[in-house]
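Below: coords-v2.txt (compact mmCIF, C-alpha atoms and all ligand atoms)
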```txt
# COMPACT_ATOMS: atom_id res chain seq x y z
CA MET L 1 138.25 108.23 101.07
CA THR L 2 134.56 107.76 100.32
CA THR L 3 132.79 104.96 98.53
CA SER L 4 132.27 107.04 95.42
CA ASP L 5 135.93 108.12 95.46
CA LEU L 6 136.91 104.48 95.35
CA HIS L 7 134.52 103.70 92.53
CA THR L 8 136.02 106.62 90.65
CA ILE L 9 139.51 105.23 91.15
CA SER L 10 138.43 101.87 89.89
CA THR L 11 136.74 103.16 86.78
CA SER L 12 138.67 106.20 85.65
CA ASP L 13 142.21 106.21 87.00
CA PRO L 14 144.38 105.85 83.89
CA GLY L 15 147.19 104.26 85.91
CA LEU L 16 146.95 101.86 88.82
CA GLY L 17 143.73 99.99 89.48
CA THR L 18 141.98 100.81 86.22
CA ASN L 19 138.95 98.71 85.47
CA ALA L 20 140.41 97.84 82.10
CA ARG L 21 143.59 96.46 83.63
CA ILE L 22 141.70 94.46 86.25
CA GLU L 23 139.35 93.12 83.56
CA GLU L 24 142.39 92.10 81.51
CA ILE L 25 143.84 90.36 84.56
CA ARG L 26 140.54 88.61 85.29
CA ALA L 27 140.46 87.26 81.74
CA ALA L 28 143.73 85.48 82.48
CA PHE L 29 142.01 83.39 85.21
CA PRO L 30 139.56 81.04 83.47
CA ILE L 31 137.83 79.87 86.65
CA LEU L 32 136.63 83.40 87.37
CA GLN L 33 134.16 82.96 84.49
CA GLU L 34 132.47 80.00 86.25
CA ARG L 35 128.91 80.14 87.48
CA VAL L 36 127.91 78.70 90.85
CA HIS L 37 124.25 77.91 91.62
CA GLY L 38 123.36 79.96 88.55
CA HIS L 39 125.31 83.03 89.67
CA GLN L 40 128.56 84.47 88.44
CA LEU L 41 131.28 83.18 90.80
CA VAL L 42 132.55 85.77 93.28
CA TYR L 43 135.72 84.25 94.66
CA LEU L 44 136.72 85.77 98.00
CA ASP L 45 138.57 82.82 99.55
CA ASN L 46 142.07 83.72 98.41
CA ALA L 47 143.71 83.26 101.80
CA SER L 48 142.77 79.56 101.56
CA THR L 49 143.98 79.18 98.02
CA THR L 50 144.25 81.46 95.03
CA GLN L 51 143.07 80.83 91.48
CA LYS L 52 145.51 80.03 88.68
CA PRO L 53 146.20 82.10 85.56
CA PHE L 54 146.59 80.57 82.09
CA ALA L 55 150.35 81.19 82.43
CA VAL L 56 150.49 78.57 85.20
CA ILE L 57 147.94 76.17 83.70
CA ASN L 58 149.69 76.24 80.32
CA ARG L 59 153.11 75.71 81.86
CA ILE L 60 151.89 72.54 83.59
CA ARG L 61 150.33 71.27 80.39
CA GLU L 62 153.44 72.07 78.33
CA TYR L 63 155.62 70.16 80.77
CA TYR L 64 153.51 67.02 80.60
CA GLU L 65 153.12 67.27 76.82
CA HIS L 66 156.76 67.96 75.94
CA GLU L 67 159.21 67.72 78.84
CA ASN L 68 158.04 65.12 81.35
CA SER L 69 160.91 63.11 82.79
CA ASN L 70 162.62 62.57 86.13
CA VAL L 71 165.26 65.07 87.27
CA HIS L 72 168.92 64.77 88.30
CA ARG L 73 169.26 61.18 87.15
CA GLY L 74 169.27 60.73 83.41
CA VAL L 75 171.65 61.38 80.57
CA HIS L 76 168.81 61.36 78.04
CA SER L 77 167.57 64.63 76.60
CA LEU L 78 164.19 64.80 78.29
CA SER L 79 165.72 64.24 81.70
CA GLN L 80 168.23 66.98 81.05
CA ILE L 81 165.50 69.38 79.99
CA ALA L 82 163.43 68.55 83.08
CA THR L 83 166.48 69.02 85.31
CA GLU L 84 167.37 72.35 83.71
CA GLU L 85 163.80 73.60 84.01
CA TYR L 86 163.50 72.45 87.63
CA GLU L 87 166.76 74.16 88.62
CA SER L 88 165.83 77.23 86.63
CA ALA L 89 162.57 77.38 88.64
CA ARG L 90 164.71 77.38 91.77
CA SER L 91 166.65 80.38 90.41
CA THR L 92 163.36 82.19 89.76
CA LEU L 93 162.30 81.59 93.36
CA LYS L 94 165.71 82.70 94.62
CA GLU L 95 165.26 86.02 92.78
CA PHE L 96 161.68 86.29 94.02
CA VAL L 97 162.71 86.43 97.70
CA GLY L 98 166.17 87.92 97.13
CA ALA L 99 168.14 84.96 98.51
CA ARG L 100 171.92 84.92 98.05
CA THR L 101 172.15 81.56 96.31
CA THR L 102 169.96 78.72 95.04
CA SER L 103 171.44 76.55 97.83
CA GLU L 104 169.17 78.50 100.15
CA ILE L 105 165.97 77.56 98.29
CA VAL L 106 164.51 74.18 99.29
CA PHE L 107 161.36 73.04 97.51
CA THR L 108 158.83 71.58 99.94
CA ARG L 109 155.17 70.55 99.71
CA GLY L 110 154.22 73.91 101.17
CA THR L 111 154.51 76.10 104.25
CA THR L 112 153.45 73.28 106.56
CA GLU L 113 156.21 70.97 105.43
CA ALA L 114 158.78 73.78 105.52
CA ILE L 115 157.96 74.55 109.17
CA ASN L 116 158.01 70.86 110.09
CA LEU L 117 161.41 70.56 108.43
CA VAL L 118 162.87 73.41 110.50
CA ALA L 119 161.23 72.20 113.73
CA SER L 120 162.56 68.70 113.16
CA SER L 121 166.02 69.28 111.68
CA PHE L 122 167.03 72.65 113.13
CA ALA L 123 165.26 73.07 116.45
CA LYS L 124 164.63 69.62 117.90
CA PRO L 125 168.26 68.42 118.10
CA GLU L 126 169.16 71.51 120.16
CA LEU L 127 166.12 71.59 122.46
CA GLY L 128 165.94 70.45 126.07
CA GLU L 129 164.22 71.11 129.41
CA GLY L 130 164.02 74.81 130.21
CA ASP L 131 164.29 75.91 126.58
CA GLU L 132 161.52 78.00 125.06
CA ILE L 133 160.00 78.47 121.62
CA LEU L 134 158.32 81.81 121.10
CA LEU L 135 155.19 82.07 118.91
CA THR L 136 152.30 84.52 118.66
CA ARG L 137 148.63 84.15 119.50
CA MET L 138 147.67 84.59 115.84
CA GLU L 139 149.60 81.64 114.37
CA HIS L 140 148.09 79.16 111.93
CA HIS L 141 148.04 75.62 113.33
CA SER L 142 150.92 74.74 111.03
CA ASN L 143 153.12 77.17 112.95
CA ILE L 144 151.98 75.81 116.31
CA VAL L 145 151.68 72.04 116.15
CA PRO L 146 155.17 71.21 114.77
CA TRP L 147 156.72 73.23 117.65
CA GLN L 148 154.40 71.62 120.16
CA MET L 149 155.48 68.19 118.92
CA ALA L 150 159.13 69.22 119.26
CA CYS L 151 158.41 70.39 122.83
CA GLU L 152 156.69 67.11 123.71
CA GLU L 153 159.76 65.17 122.62
CA THR L 154 162.36 67.39 124.28
CA GLY L 155 160.79 68.95 127.37
CA ALA L 156 160.97 72.46 125.92
CA THR L 157 158.07 74.90 126.42
CA LEU L 158 155.98 77.09 124.10
CA ARG L 159 155.63 80.75 124.99
CA VAL L 160 153.03 82.89 123.26
CA ILE L 161 153.11 86.63 122.48
CA PRO L 162 149.64 88.05 123.23
CA ILE L 163 147.64 90.40 121.00
CA ASP L 164 145.32 93.28 121.78
CA ASP L 165 141.69 93.31 120.68
CA ASP L 166 142.57 94.98 117.38
CA GLY L 167 144.66 91.92 116.57
CA THR L 168 148.01 93.70 116.96
CA LEU L 169 150.91 92.02 118.74
CA ILE L 170 151.66 93.63 122.11
CA TYR L 171 155.26 94.60 121.48
CA GLU L 172 156.21 95.12 125.12
CA GLU L 173 155.05 91.58 125.85
CA PHE L 174 157.21 90.31 123.00
CA GLU L 175 160.21 92.12 124.48
CA ARG L 176 159.40 90.70 127.89
CA LEU L 177 159.09 87.14 126.58
CA LEU L 178 162.35 87.21 124.61
CA SER L 179 165.05 85.74 126.85
CA GLU L 180 168.22 83.72 126.95
CA ARG L 181 165.94 80.65 127.18
CA THR L 182 164.35 81.38 123.78
CA ARG L 183 165.71 78.96 121.17
CA ILE L 184 163.69 80.21 118.20
CA LEU L 185 161.08 82.84 117.40
CA ALA L 186 158.55 81.58 114.84
CA LEU L 187 155.83 83.92 113.65
CA THR L 188 153.57 84.74 110.79
CA HIS L 189 154.33 87.72 108.57
CA VAL L 190 150.61 88.27 107.88
CA SER L 191 147.72 86.74 109.84
CA ASN L 192 145.41 84.62 107.67
CA THR L 193 142.43 85.37 109.91
CA LEU L 194 142.92 89.02 110.89
CA GLY L 195 145.04 90.32 108.04
CA THR L 196 147.44 91.87 110.58
CA VAL L 197 150.88 92.56 109.11
CA ASN L 198 153.42 91.99 111.86
CA PRO L 199 156.51 94.21 112.30
CA VAL L 200 158.75 91.27 111.47
CA LYS L 201 161.86 93.25 110.54
CA ARG L 202 162.00 94.98 113.90
CA MET L 203 161.21 91.73 115.72
CA ILE L 204 163.98 89.91 113.87
CA ARG L 205 166.44 92.65 114.82
CA ASP L 206 165.40 92.45 118.47
CA ALA L 207 165.62 88.63 118.49
CA HIS L 208 169.03 88.69 116.83
CA GLY L 209 170.16 91.07 119.58
CA LEU L 210 169.96 87.98 121.82
CA ASN L 211 171.26 85.61 119.10
CA ILE L 212 167.82 84.06 118.70
CA PRO L 213 167.08 82.69 115.20
CA VAL L 214 163.79 83.63 113.54
CA LEU L 215 161.46 81.71 111.24
CA ILE L 216 158.86 83.71 109.33
CA ASP L 217 155.71 82.04 108.02
CA GLY L 218 155.20 84.03 104.84
CA ALA L 219 152.22 82.06 103.45
CA GLN L 220 149.94 85.12 103.55
CA ALA L 221 152.59 87.73 102.74
CA VAL L 222 154.07 86.66 99.39
CA PRO L 223 150.82 87.07 97.38
CA HIS L 224 150.42 90.66 98.58
CA MET L 225 153.82 92.32 99.02
CA PRO L 226 157.41 92.07 97.86
CA VAL L 227 159.58 90.11 100.29
CA ASP L 228 163.35 90.47 100.59
CA VAL L 229 164.86 87.91 102.92
CA ILE L 230 168.22 89.72 103.05
CA ASP L 231 166.59 92.98 104.03
CA LEU L 232 164.48 91.20 106.67
CA ASP L 233 167.54 89.21 107.78
CA CYS L 234 165.27 86.30 108.77
CA ASP L 235 166.91 82.92 109.26
CA PHE L 236 164.07 80.96 107.65
CA TYR L 237 161.15 82.07 105.47
CA CYS L 238 158.39 79.69 104.30
CA PHE L 239 155.56 79.95 101.81
CA SER L 240 153.12 77.91 99.68
CA GLY L 241 152.76 78.02 95.90
CA HIS L 242 148.98 77.60 95.88
CA LYS L 243 148.41 80.79 97.87
CA MET L 244 150.37 82.82 95.31
CA PHE L 245 148.61 81.71 92.10
CA GLY L 246 150.78 78.60 91.65
CA PRO L 247 149.97 74.90 92.00
CA THR L 248 149.17 72.96 95.17
CA GLY L 249 151.75 70.60 96.65
CA ILE L 250 154.73 72.92 96.16
CA GLY L 251 156.25 75.53 98.44
CA VAL L 252 159.55 76.97 99.50
CA LEU L 253 161.74 76.96 102.54
CA TYR L 254 164.34 79.73 102.40
CA GLY L 255 167.11 79.24 104.95
CA LYS L 256 170.45 80.93 105.50
CA GLU L 257 173.05 78.71 103.89
CA ALA L 258 175.21 78.26 107.00
CA LEU L 259 172.18 77.12 109.02
CA LEU L 260 170.87 74.72 106.37
CA ASP L 261 174.37 73.35 105.92
CA ALA L 262 174.69 72.51 109.61
CA MET L 263 171.25 70.86 109.81
CA ARG L 264 170.64 67.15 109.54
CA PRO L 265 168.45 65.91 106.66
CA TYR L 266 164.71 65.86 107.20
CA GLN L 267 163.90 62.70 105.22
CA GLY L 268 166.10 59.98 103.74
CA GLY L 269 165.86 58.57 100.24
CA GLY L 270 166.97 59.10 96.67
CA ASP L 271 168.47 62.40 95.53
CA MET L 272 169.45 63.58 99.02
CA ILE L 273 172.54 61.35 99.14
CA GLU L 274 176.08 61.60 97.86
CA SER L 275 176.91 57.93 98.41
CA VAL L 276 175.20 55.02 100.15
CA SER L 277 176.56 51.82 101.60
CA PHE L 278 175.12 49.64 104.34
CA GLU L 279 177.86 50.91 106.62
CA ARG L 280 177.56 54.62 105.94
CA THR L 281 175.70 57.19 103.88
CA THR L 282 176.96 60.65 103.02
CA TYR L 283 174.59 63.41 102.06
CA ASN L 284 174.18 65.52 98.95
CA GLU L 285 175.02 69.21 98.91
CA LEU L 286 172.44 71.94 99.50
CA PRO L 287 169.62 72.22 98.72
CA HIS L 288 169.28 68.60 97.53
CA LYS L 289 170.08 67.29 101.03
CA PHE L 290 166.54 68.36 101.95
CA GLU L 291 164.74 67.07 98.85
CA ALA L 292 164.52 63.30 99.29
CA GLY L 293 162.77 61.37 96.52
CA THR L 294 161.35 62.56 93.21
CA PRO L 295 160.35 66.18 93.77
CA ASN L 296 157.19 67.93 92.59
CA ILE L 297 158.86 68.92 89.32
CA VAL L 298 155.79 70.26 87.58
CA GLY L 299 154.81 72.07 90.76
CA ALA L 300 158.12 73.92 90.79
CA LEU L 301 157.70 74.86 87.12
CA GLY L 302 154.14 76.05 87.73
CA LEU L 303 155.28 78.07 90.75
CA ALA L 304 158.03 79.73 88.70
CA ALA L 305 155.39 80.61 86.08
CA ALA L 306 153.28 82.17 88.85
CA VAL L 307 156.27 84.24 89.99
CA GLU L 308 156.84 85.47 86.42
CA TYR L 309 153.16 86.32 86.18
CA LEU L 310 153.27 88.28 89.46
CA ARG L 311 156.34 90.11 88.22
CA GLU L 312 154.45 91.12 85.07
CA ILE L 313 151.57 92.56 87.10
CA GLY L 314 153.89 94.17 89.64
CA PHE L 315 153.46 94.65 93.36
CA ASP L 316 152.78 98.38 92.91
CA LEU L 317 149.49 97.62 91.21
CA ILE L 318 148.73 94.71 93.54
CA ARG L 319 149.24 96.77 96.69
CA GLU L 320 147.35 99.79 95.43
CA HIS L 321 144.37 97.79 94.19
CA GLU L 322 144.18 95.57 97.26
CA ARG L 323 144.38 98.59 99.55
CA ASN L 324 141.42 100.09 97.69
CA LEU L 325 139.53 96.81 98.03
CA LEU L 326 140.22 96.68 101.76
CA VAL L 327 139.19 100.29 102.44
CA TYR L 328 136.06 99.89 100.34
CA ALA L 329 135.13 96.57 101.96
CA ARG L 330 135.52 97.98 105.46
CA GLU L 331 133.41 100.99 104.59
CA ARG L 332 130.62 99.09 102.85
CA LEU L 333 130.54 96.24 105.38
CA SER L 334 130.34 98.63 108.31
CA GLN L 335 126.96 99.78 106.93
CA ILE L 336 125.47 96.35 107.70
CA GLU L 337 123.50 96.35 110.92
CA GLY L 338 124.93 94.12 113.63
CA ILE L 339 128.21 93.43 111.90
CA ARG L 340 131.28 92.90 114.07
CA PHE L 341 134.81 93.08 112.69
CA ILE L 342 137.33 90.65 114.13
CA GLY L 343 140.72 92.32 113.78
CA ASP L 344 141.31 95.98 113.09
CA SER L 345 145.06 96.42 113.19
CA ALA L 346 146.53 99.56 111.63
CA HIS L 347 148.72 97.46 109.30
CA ARG L 348 146.59 94.99 107.40
CA ALA L 349 146.53 92.89 104.27
CA ALA L 350 143.31 92.53 102.25
CA VAL L 351 141.48 90.19 104.63
CA VAL L 352 138.25 90.95 106.47
CA SER L 353 136.85 88.70 109.19
CA VAL L 354 133.36 89.42 110.45
CA LEU L 355 130.47 88.12 112.52
CA LEU L 356 126.90 88.94 111.67
CA GLY L 357 124.80 89.54 114.80
CA SER L 358 124.25 86.22 116.55
CA THR L 359 124.26 84.17 113.35
CA HIS L 360 126.63 81.23 112.95
CA PRO L 361 129.41 81.70 110.36
CA TYR L 362 128.56 78.34 108.71
CA ASP L 363 124.95 79.39 108.11
CA VAL L 364 126.06 82.68 106.61
CA GLY L 365 128.65 80.93 104.42
CA THR L 366 126.03 78.47 103.15
CA ILE L 367 123.64 81.24 102.15
CA LEU L 368 126.46 83.15 100.44
CA ASP L 369 127.42 80.03 98.50
CA ARG L 370 123.86 79.74 97.15
CA MET L 371 124.44 83.23 95.74
CA GLY L 372 127.71 82.24 94.09
CA ILE L 373 129.94 83.90 96.69
CA ALA L 374 132.85 81.87 98.03
CA VAL L 375 134.05 82.96 101.48
CA ARG L 376 135.63 80.89 104.21
CA THR L 377 133.82 80.24 107.48
CA GLY L 378 135.12 78.66 110.67
CA HIS L 379 138.28 78.95 112.73
CA HIS L 380 140.65 79.21 109.74
CA CYS L 381 143.13 76.86 111.48
CA THR L 382 143.65 79.47 114.21
CA GLN L 383 141.75 77.99 117.14
CA PRO L 384 143.87 79.69 119.84
CA LEU L 385 143.07 83.03 118.19
CA MET L 386 139.35 82.21 118.18
CA ARG L 387 139.65 81.44 121.89
CA HIS L 388 141.19 84.88 122.44
CA TYR L 389 138.08 86.47 120.96
CA GLY L 390 135.73 83.92 122.59
CA ILE L 391 134.13 82.98 119.27
CA PRO L 392 133.79 79.70 117.33
CA GLY L 393 134.80 81.22 114.01
CA THR L 394 134.30 84.07 111.58
CA VAL L 395 133.13 84.73 108.04
CA ARG L 396 136.29 85.68 106.20
CA ALA L 397 136.53 87.46 102.86
CA SER L 398 140.10 87.49 101.55
CA PHE L 399 140.95 89.42 98.42
CA ALA L 400 143.38 89.10 95.54
CA PHE L 401 144.31 91.59 92.84
CA TYR L 402 141.67 90.12 90.49
CA ASN L 403 138.79 91.04 92.81
CA THR L 404 136.66 94.09 92.13
CA LEU L 405 134.65 96.67 94.02
CA GLU L 406 131.54 95.29 92.35
CA GLU L 407 132.27 91.91 93.94
CA ILE L 408 132.39 93.63 97.31
CA ASP L 409 128.99 95.16 96.54
CA SER L 410 127.69 91.63 95.86
CA LEU L 411 129.19 90.41 99.14
CA VAL L 412 127.52 93.21 101.10
CA GLU L 413 124.18 92.57 99.44
CA ALA L 414 124.43 88.85 100.16
CA LEU L 415 125.39 89.42 103.79
CA GLN L 416 122.41 91.73 104.19
CA ARG L 417 120.19 89.01 102.70
CA ALA L 418 121.74 86.36 104.99
CA SER L 419 121.24 88.61 107.99
CA SER L 420 117.53 89.06 107.28
CA VAL L 421 116.98 85.35 106.48
CA LEU L 422 118.78 84.12 109.60
CA SER L 423 117.24 86.57 112.00
N1 LIG Q 501 150.51 79.63 107.52
C1 LIG Q 501 149.51 80.48 107.22
C2 LIG Q 501 149.56 81.88 107.77
C3 LIG Q 501 148.46 80.04 106.45
O1 LIG Q 501 147.45 80.88 106.16
C4 LIG Q 501 148.45 78.70 105.97
C5 LIG Q 501 147.31 78.21 105.19
O2 LIG Q 501 146.22 78.73 105.26
C6 LIG Q 501 149.52 77.89 106.28
C7 LIG Q 501 150.53 78.38 107.06
C8 LIG Q 501 149.59 76.48 105.78
O3 LIG Q 501 149.80 76.48 104.42
P1 LIG Q 501 149.80 75.09 103.60
O4 LIG Q 501 148.54 74.39 103.99
O5 LIG Q 501 149.83 75.52 102.18
O6 LIG Q 501 151.02 74.34 104.02
```

As structure tokens, what does this structure read like?
Ligand code: PLP
Amino acid sequence: MTTSDLHTISTSDPGLGTNARIEEIRAAFPILQERVHGHQLVYLDNASTTQKPFAVINRIREYYEHENSNVHRGVHSLSQIATEEYESARSTLKEFVGARTTSEIVFTRGTTEAINLVASSFAKPELGEGDEILLTRMEHHSNIVPWQMACEETGATLRVIPIDDDGTLIYEEFERLLSERTRILALTHVSNTLGTVNPVKRMIRDAHGLNIPVLIDGAQAVPHMPVDVIDLDCDFYCFSGHKMFGPTGIGVLYGKEALLDAMRPYQGGGDMIESVSFERTTYNELPHKFEAGTPNIVGALGLAAAVEYLREIGFDLIREHERNLLVYARERLSQIEGIRFIGDSAHRAAVVSVLLGSTHPYDVGTILDRMGIAVRTGHHCTQPLMRHYGIPGTVRASFAFYNTLEEIDSLVEALQRASSVLS
């Protein structure tokens, strides 16, 4: 597909990816109209956090204006409305990932807290000397450090599946590392730095062949593709609301009911108990056993609104448009002299990490910001991955369905400008 083919798709295709549809979508995200340093904002930092549509912003406002109350505790009307809305948000999230029951949907602060919960309540009590936890080289720090902490406390060891230079997992190495010592396999569905989409379904099947449970970090998958936890057959799946057009401070841990049921609580406090005395406390049923204290009620409502919004747009359009963005970005960026792509796996989400000659990513990012272009620079919380490539960081452009080919043109132009200024 050539550059002009892609422009044609974006401007004249009457179905998916039409300019009119994307413009309509963009109008639903007020922040996209902002100007930065006198330029129209070009927001290409979606892997860090996504922007929020009116549907989410208005839901938050409506809650505080008309429904605000604490959940699960009151007989008064507002409390009942808040409780119903909060639990209805849980049902929306259950449908979103295809879980069997709402007992399997635990609201957390985000992916990080969900992984910490599993490391602490599921893995740690079973771990000892000689046990192994299997990760990949491309994990975000939040899918490394909680396991490392569990290892420090129990004497277990981390094992790491290597990648090739394209940023693809070396499958034979994965098969070699899986063993009767492996207590859990924890890996990312999509790499935040490389965009690599891992073959998680096959890996889960192989791990289950040895009765090894699997946690999938889905933070970078859920904004881009439909996820079905039953089809994947993963034991745990985690994601963050703010990376899928919802609010910050809310996320989801999906876990198979039997596993969650057998796990000890993560934190103690209100709401997670059935009865308390100084002699003995019994715990609430799932999922409340894992939601100690007043939850992020408005966050859950905002996240459910984001799910509804995504459903309206549809993953067919999202995938088609983002694929076009990725192909176009790769093609246009490769025309820049001295550019180096970090990660080139055959299966990728709409993320491009690059280096520009010998320039430092921070300097490039600063120049781009002066031109109104928001990209992320640095190690992207994947320092072990940076070490694999022997680099301090990258310049990362990460796309969402509201980005346009014209924004990629602006990025290319700005990178060319940065390249000439810095050299
Ligand atoms: N996992 C991946 C792959 C991520 O990209 C991120 C954030 O960038 C996280 C986990 C952590 O997400 P949060 O900070 O929302 O908990």

Taking only residues of chain L that have an atom at most 8 Å from an atom of ligand LIG 501 (chain Q), what is each one's shortest atom pair and its distance in Å to one decimal, using only C-alpha atoms and all ligand atoms, in chain and number order, as CSV?
```
residue,atom,partner,partner_atom,distance
L:Ala47,CA,Q:LIG501,O1,6.2
L:Ser48,CA,Q:LIG501,O2,5.1
L:Thr49,CA,Q:LIG501,O2,7.6
L:Arg109,CA,Q:LIG501,O6,7.1
L:Gly110,CA,Q:LIG501,O6,4.3
L:Thr111,CA,Q:LIG501,O6,3.9
L:Thr112,CA,Q:LIG501,O6,3.7
L:Glu113,CA,Q:LIG501,O6,6.3
L:Ala114,CA,Q:LIG501,O6,7.9
L:Glu139,CA,Q:LIG501,C2,6.6
L:His140,CA,Q:LIG501,N1,5.1
L:His141,CA,Q:LIG501,C7,7.3
L:Ser142,CA,Q:LIG501,C7,5.4
L:Asn143,CA,Q:LIG501,N1,6.5
L:Thr188,CA,Q:LIG501,C2,5.8
L:His189,CA,Q:LIG501,C2,7.6
L:Val190,CA,Q:LIG501,C2,6.5
L:Ser191,CA,Q:LIG501,C2,5.6
L:Asn192,CA,Q:LIG501,O1,4.5
L:Thr193,CA,Q:LIG501,O1,7.7
L:Asp217,CA,Q:LIG501,N1,5.8
L:Gly218,CA,Q:LIG501,C2,6.7
L:Ala219,CA,Q:LIG501,C1,4.9
L:Gln220,CA,Q:LIG501,C2,5.3
L:Phe239,CA,Q:LIG501,O3,7.2
L:Ser240,CA,Q:LIG501,O5,4.8
L:Gly241,CA,Q:LIG501,O5,7.4
L:His242,CA,Q:LIG501,O5,6.7
L:Lys243,CA,Q:LIG501,O5,7.0
L:Thr248,CA,Q:LIG501,O5,7.5
L:Gly249,CA,Q:LIG501,O5,7.6
L:Gly251,CA,Q:LIG501,O5,7.4
L:His380,CA,Q:LIG501,O2,7.2
L:Cys381,CA,Q:LIG501,O2,7.2
```

Output for the residues just chosen: C-alpha atoms as a short mmCIF file (atom, residue, chain, number, x, y, z; two decimals), in the frame of the given file:
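Result went into out_15.cif, see below:
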```
data_model
loop_
_atom_site.label_atom_id
_atom_site.label_comp_id
_atom_site.auth_asym_id
_atom_site.auth_seq_id
_atom_site.Cartn_x
_atom_site.Cartn_y
_atom_site.Cartn_z
CA ALA L 47 143.71 83.26 101.80
CA SER L 48 142.77 79.56 101.56
CA THR L 49 143.98 79.18 98.02
CA ARG L 109 155.17 70.55 99.71
CA GLY L 110 154.22 73.91 101.17
CA THR L 111 154.51 76.10 104.25
CA THR L 112 153.45 73.28 106.56
CA GLU L 113 156.21 70.97 105.43
CA ALA L 114 158.78 73.78 105.52
CA GLU L 139 149.60 81.64 114.37
CA HIS L 140 148.09 79.16 111.93
CA HIS L 141 148.04 75.62 113.33
CA SER L 142 150.92 74.74 111.03
CA ASN L 143 153.12 77.17 112.95
CA THR L 188 153.57 84.74 110.79
CA HIS L 189 154.33 87.72 108.57
CA VAL L 190 150.61 88.27 107.88
CA SER L 191 147.72 86.74 109.84
CA ASN L 192 145.41 84.62 107.67
CA THR L 193 142.43 85.37 109.91
CA ASP L 217 155.71 82.04 108.02
CA GLY L 218 155.20 84.03 104.84
CA ALA L 219 152.22 82.06 103.45
CA GLN L 220 149.94 85.12 103.55
CA PHE L 239 155.56 79.95 101.81
CA SER L 240 153.12 77.91 99.68
CA GLY L 241 152.76 78.02 95.90
CA HIS L 242 148.98 77.60 95.88
CA LYS L 243 148.41 80.79 97.87
CA THR L 248 149.17 72.96 95.17
CA GLY L 249 151.75 70.60 96.65
CA GLY L 251 156.25 75.53 98.44
CA HIS L 380 140.65 79.21 109.74
CA CYS L 381 143.13 76.86 111.48
#
```

Item to complete: Mind checking which residues fall within 12 Å of Cys151 in chain L, counting all atoms listed in the file, ignoring those fewer than 3 positions away in the same chain, and posting them as a count of residues only?
Response: 26

Practice prompt. Show which residues sit within 6 Å of Thr168 in chain L, as a list in words. Count only C-alpha atoms, and ignore same-chain residues fewer than 4 positions away.
Written response: Ile163, Asp164 and Ser345 of chain L

Could you name the residues that touch range 55-61 of chain L at 8 Å or less, counting all atoms listed in the file, but leaving out those on the same chain fewer than 3 positions away, as a PDB file with C-alpha atoms, in the frame of the given file?
```
ATOM      1  CA  ALA L  28     143.730  85.480  82.480  1.00  0.00           C
ATOM      2  CA  LYS L  52     145.510  80.030  88.680  1.00  0.00           C
ATOM      3  CA  TYR L  64     153.510  67.020  80.600  1.00  0.00           C
ATOM      4  CA  GLU L  65     153.120  67.270  76.820  1.00  0.00           C
ATOM      5  CA  PHE L 245     148.610  81.710  92.100  1.00  0.00           C
ATOM      6  CA  GLY L 246     150.780  78.600  91.650  1.00  0.00           C
ATOM      7  CA  PRO L 247     149.970  74.900  92.000  1.00  0.00           C
ATOM      8  CA  VAL L 298     155.790  70.260  87.580  1.00  0.00           C
ATOM      9  CA  GLY L 299     154.810  72.070  90.760  1.00  0.00           C
ATOM     10  CA  LEU L 301     157.700  74.860  87.120  1.00  0.00           C
ATOM     11  CA  GLY L 302     154.140  76.050  87.730  1.00  0.00           C
ATOM     12  CA  LEU L 303     155.280  78.070  90.750  1.00  0.00           C
ATOM     13  CA  ALA L 305     155.390  80.610  86.080  1.00  0.00           C
ATOM     14  CA  ALA L 306     153.280  82.170  88.850  1.00  0.00           C
ATOM     15  CA  TYR L 309     153.160  86.320  86.180  1.00  0.00           C
TER      16      TYR L 309
END
```

Fill in: Separation of CA of Asn68 in chain L from CA of Ile81 in chain L, in Å and rounded to one decimal
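CA of Ile81 in chain L lies 8.7 Å from CA of Asn68 in chain L.
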
Worksheet item: Can you tell me, as a list in words, what residues are no more than 9 Å from Ser179 in chain L when counting all atoms listed in the file, ignoring any on the same chain fewer than 6 positions away?
Response: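 What passes the distance filter is Glu132, Ala207, Leu210 and Ile212 of chain L.
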
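Among the candidate residues L:Gly365, L:Leu44, L:Leu415, L:Lys289, the one lying nearest to Ser275 in chain L is L:Lys289, with distances computed using all atoms listed in the file.
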
Discussion item. I'd like the interatomic distance between CA of Ala397 in chain L and CA of Ala349 in chain L, to a tenth of an Å.
Written reply: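 Computing it gives 11.5 Å between the two atoms.
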
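The environment of range 409-412 of chain L within 10 Å, counting only C-alpha atoms and disregarding residues fewer than 4 places along the same chain, consists of Val42, Leu44, Tyr328, Ala329, Arg332, Leu333, Ser334, Gln335, Ile336, Leu368, Met371, Gly372, Ile373, Ala374, Val375, Ala397, Thr404, Leu405, Gln416, Arg417 and Ala418 of chain L.
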
Worksheet entry | Distance in Å - CA of Met244 in chain L versus CA of Val118 in chain L |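 Atom-to-atom, CA of Met244 in chain L and CA of Val118 in chain L are spaced 21.8 Å apart.
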
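The nearest approach to Tyr86 in chain L among the residues L:Lys201, L:Arg21, L:His72, L:Arg319, with only C-alpha atoms taken into account, belongs to L:His72.
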